[in-house]
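Below is one structure, written out as structure tokens, with a few remarks after it.
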Amino acid sequence: MPEGDTVYRTAEHLNAVLAGRVLTGCDIRVPKFATVDLTGETVHDVVSRGKHILMRVGEFSIHSHLKMEGTWHIYQPKTRWRKPAFKARAILRTAEHTAVGFELGLLEVLNRADEGDAVDYLGPDLLGPDWDAGEAERRLASDPLREIDVALLDQRNLAGLGNVFVNELCFLRGVLPTRPVAEVPRLDAVVQLAHRLITANRDRVERTTTGDTRPGKQVFVYNRAGQPCRRCGNRIQSGKLGANALSLRDTYWCPYCQT
């Protein structure tokens, strides 16, 4: 699933071509909103909120979440799409560009006044202008017995982290992903590092937590099960972790560098 840095970059690109423009075409291919036509309305802005994208158009907000397979593409007129048309869920046209949302995991059209109903449950946005490290720490600490990995992935605590960042963050702080929040030293430092990591990656396509953007060198533990730890040389281990049976996912750690 795309993480907060990818979603932030997507919103920035969409905002650059849509903000201030009048829609010359609007096709929402979701049954509940298929009759919505915002043609003639002005796009005010496009912003990210954690892993969510909000397009403010006239008095409405087009709310999307990429989930596992979703993407937004930007095309110039008459440019051939890179994905088949049957995968398009939203098509927004201006005189200069066409924005197409493919395979969006969530797509809905809300009144601007109701926008908060979709995103107000989220914790502080790591890449938002109103980022509040203290509030994020308070939310994480509110469930002291929860595994730190699971707590960091909970978007109600802080918004934007995904599995890659959380695995890497636990490694960099030297804690096992299964360690209870109450036993994590310097929870404030975990939050601060999360903010630094995602901010450092928000403007580049090649995400890195090692400082090296070369293929195969970009991460310490994520998706490296059985490979040697870049610090100590011991084998990276993997397992399943999640808030419940339906949310289990692969987790990675070094048994020597993380305690």
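Each chain of the structure tokens is named A, B, ... in the order shown, its residues numbered from 1; ligands are numbered from 1 in display order.
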Item checked: Within 10 Å of Ala182 (chain A) using only C-alpha atoms, minus same-chain residues under 5 positions, as a list of chain:residue names -> A:Leu140, A:Ala141, A:Ser142, A:Asp143, A:Pro144, A:Leu145, A:Arg146, A:Glu147, A:Ile148, A:Leu187
May I have the residues within 9 Å of region 26-35 of chain A as an mmCIF file with C-alpha atoms, in the first residue's frame, using only C-alpha atoms and disregarding those fewer than 2 positions away in the same chain?
```
data_model
loop_
_atom_site.group_PDB
_atom_site.id
_atom_site.type_symbol
_atom_site.label_atom_id
_atom_site.label_comp_id
_atom_site.auth_asym_id
_atom_site.auth_seq_id
_atom_site.Cartn_x
_atom_site.Cartn_y
_atom_site.Cartn_z
ATOM 1 C CA LEU A 23 -13.195 21.257 -14.967
ATOM 2 C CA THR A 24 -14.225 20.718 -18.581
ATOM 3 C CA ASP A 37 -20.946 15.907 -12.688
ATOM 4 C CA LEU A 38 -18.694 18.740 -11.504
ATOM 5 C CA THR A 39 -18.063 20.086 -15.001
ATOM 6 C CA ALA A 88 -10.426 4.108 -14.406
ATOM 7 C CA ARG A 89 -12.608 5.156 -11.462
ATOM 8 C CA ALA A 90 -12.413 8.937 -11.877
ATOM 9 C CA ILE A 91 -11.657 11.124 -14.889
ATOM 10 C CA LEU A 92 -11.250 14.865 -14.355
ATOM 11 C CA ARG A 93 -10.506 17.060 -17.350
ATOM 12 C CA LEU A 107 -13.652 7.056 -4.021
ATOM 13 C CA GLU A 108 -16.494 9.250 -2.843
ATOM 14 C CA VAL A 109 -17.817 12.749 -3.407
#
```
Item checked: Residue list (helix (DSSP H, G or I), DSSP) for region 15-104 of chain A, as number ranges by chain -> A: 15-18, 31-33, 85-87
Counting only C-alpha atoms, what are the residues of region 161-203 of chain A within 12 Å of region 121-125 of chain A, and for each of them which pair of atoms is the nearest and at what distance in Å, to one decimal? Sort the table by chain and rising number, as CSV.
```
residue,atom,partner,partner_atom,distance
A:Leu161,CA,A:Asp125,CA,9.5
A:Val191,CA,A:Pro124,CA,10.9
A:Ala194,CA,A:Asp125,CA,11.2
A:His195,CA,A:Asp125,CA,9.4
A:Ile198,CA,A:Asp125,CA,10.9
A:Thr199,CA,A:Asp125,CA,11.2
```
Kindly provide the residues of region 135-201 of chain A that approach region 223-232 of chain A to within 12 Å, each paired with its closest atom pair and their distance in Å to one decimal, based on only C-alpha atoms, listed by chain and increasing number, as JSON lines.
```
{"residue": "A:Asn163", "atom": "CA", "partner": "A:Asn223", "partner_atom": "CA", "distance": 10.1}
{"residue": "A:Val164", "atom": "CA", "partner": "A:Asn223", "partner_atom": "CA", "distance": 8.5}
{"residue": "A:Phe165", "atom": "CA", "partner": "A:Asn223", "partner_atom": "CA", "distance": 11.8}
{"residue": "A:Asn167", "atom": "CA", "partner": "A:Asn223", "partner_atom": "CA", "distance": 9.4}
{"residue": "A:Glu168", "atom": "CA", "partner": "A:Asn223", "partner_atom": "CA", "distance": 10.4}
{"residue": "A:Phe171", "atom": "CA", "partner": "A:Cys229", "partner_atom": "CA", "distance": 10.3}
{"residue": "A:Leu172", "atom": "CA", "partner": "A:Arg231", "partner_atom": "CA", "distance": 10.5}
{"residue": "A:Gly174", "atom": "CA", "partner": "A:Arg231", "partner_atom": "CA", "distance": 11.4}
```
Dump as a CSV table (one decimal), in the first residue's frame, selection limited to all heavy atoms:
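The result, written out as again33.csv:
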```
chain,number,residue,atom,x,y,z
A,163,ASN,N,4.0,-0.1,6.2
A,163,ASN,CA,4.8,-1.2,6.6
A,163,ASN,C,6.3,-1.0,6.4
A,163,ASN,O,7.1,-1.4,7.3
A,163,ASN,CB,4.3,-2.5,5.9
A,163,ASN,CG,4.5,-3.7,6.8
A,163,ASN,OD1,4.6,-3.6,8.0
A,163,ASN,ND2,4.7,-4.8,6.2
A,164,VAL,N,6.6,-0.3,5.3
A,164,VAL,CA,8.1,-0.1,5.1
A,164,VAL,C,8.7,0.8,6.2
A,164,VAL,O,9.6,0.5,6.8
A,164,VAL,CB,8.3,0.5,3.7
A,164,VAL,CG1,9.8,0.8,3.5
A,164,VAL,CG2,7.8,-0.4,2.6
A,165,PHE,N,8.1,2.0,6.3
A,165,PHE,CA,8.6,2.9,7.3
A,165,PHE,C,8.6,2.3,8.7
A,165,PHE,O,9.5,2.6,9.5
A,165,PHE,CB,7.8,4.2,7.3
A,165,PHE,CG,8.3,5.2,6.2
A,165,PHE,CD1,7.4,5.6,5.3
A,165,PHE,CD2,9.6,5.6,6.2
A,165,PHE,CE1,7.8,6.5,4.3
A,165,PHE,CE2,10.0,6.5,5.2
A,165,PHE,CZ,9.1,7.0,4.3
A,167,ASN,N,8.7,-0.9,9.8
A,167,ASN,CA,9.8,-1.8,10.0
A,167,ASN,C,11.1,-1.2,10.1
A,167,ASN,O,12.0,-1.5,10.9
A,167,ASN,CB,9.8,-2.8,8.8
A,167,ASN,CG,8.8,-4.0,8.9
A,167,ASN,OD1,9.1,-5.0,9.5
A,167,ASN,ND2,7.6,-3.7,8.5
A,168,GLU,N,11.4,-0.2,9.2
A,168,GLU,CA,12.7,0.5,9.3
A,168,GLU,C,12.8,1.3,10.5
A,168,GLU,O,13.9,1.4,11.1
A,168,GLU,CB,12.8,1.4,8.0
A,168,GLU,CG,12.9,0.6,6.7
A,168,GLU,CD,14.1,-0.3,6.6
A,168,GLU,OE1,15.2,0.3,6.5
A,168,GLU,OE2,14.0,-1.5,6.7
A,171,PHE,N,13.8,-0.8,13.4
A,171,PHE,CA,15.2,-1.2,13.3
A,171,PHE,C,16.1,0.0,13.8
A,171,PHE,O,17.0,-0.2,14.6
A,171,PHE,CB,15.6,-1.6,11.9
A,171,PHE,CG,17.1,-1.9,11.7
A,171,PHE,CD1,17.6,-3.1,12.1
A,171,PHE,CD2,17.9,-0.9,11.2
A,171,PHE,CE1,19.0,-3.3,11.9
A,171,PHE,CE2,19.3,-1.1,11.1
A,171,PHE,CZ,19.8,-2.3,11.4
A,172,LEU,N,15.8,1.1,13.2
A,172,LEU,CA,16.7,2.3,13.5
A,172,LEU,C,16.7,2.7,15.0
A,172,LEU,O,17.7,3.2,15.5
A,172,LEU,CB,16.3,3.5,12.7
A,172,LEU,CG,16.6,3.3,11.2
A,172,LEU,CD1,15.9,4.4,10.4
A,172,LEU,CD2,18.1,3.4,10.9
A,174,GLY,N,16.2,0.4,17.3
A,174,GLY,CA,16.7,-0.8,18.0
A,174,GLY,C,15.7,-1.5,18.9
A,174,GLY,O,16.1,-2.2,19.9
```
Margin query: Report as a list in words all protein, DNA and RNA residues lying within 8 Å of region 149-153 of chain A, evaluated on only C-alpha atoms, omitting residues in the same chain fewer than 4 positions from it.
Written below: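 Everything that qualifies: Leu140, Asn157, Leu158, Leu161, Gly162, Asn163, Val166, Asn167, Cys170, Pro177, Thr178, Arg179, Val181, Leu241, Gly242 and Ala243 of chain A.
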Check: Using only C-alpha atoms, which residues sit within 6 Å of region 247-253 of chain A once same-chain residues fewer than 2 positions away are excluded, as a VMD selection string?
Finding: chain A and resid 221 to 222 236 to 242 244 to 245
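Assigned to strand (DSSP E) in region 183-247 of chain A, given DSSP computed from backbone atoms, are A:Gln237, A:Ser238, A:Gly239, A:Lys240, A:Leu241.
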Notebook entry, point to check: Hey, can you check how far CA of Arg80 (chain A) sits from CA of Val205 (chain A)?
Noted result: 22.8 Å
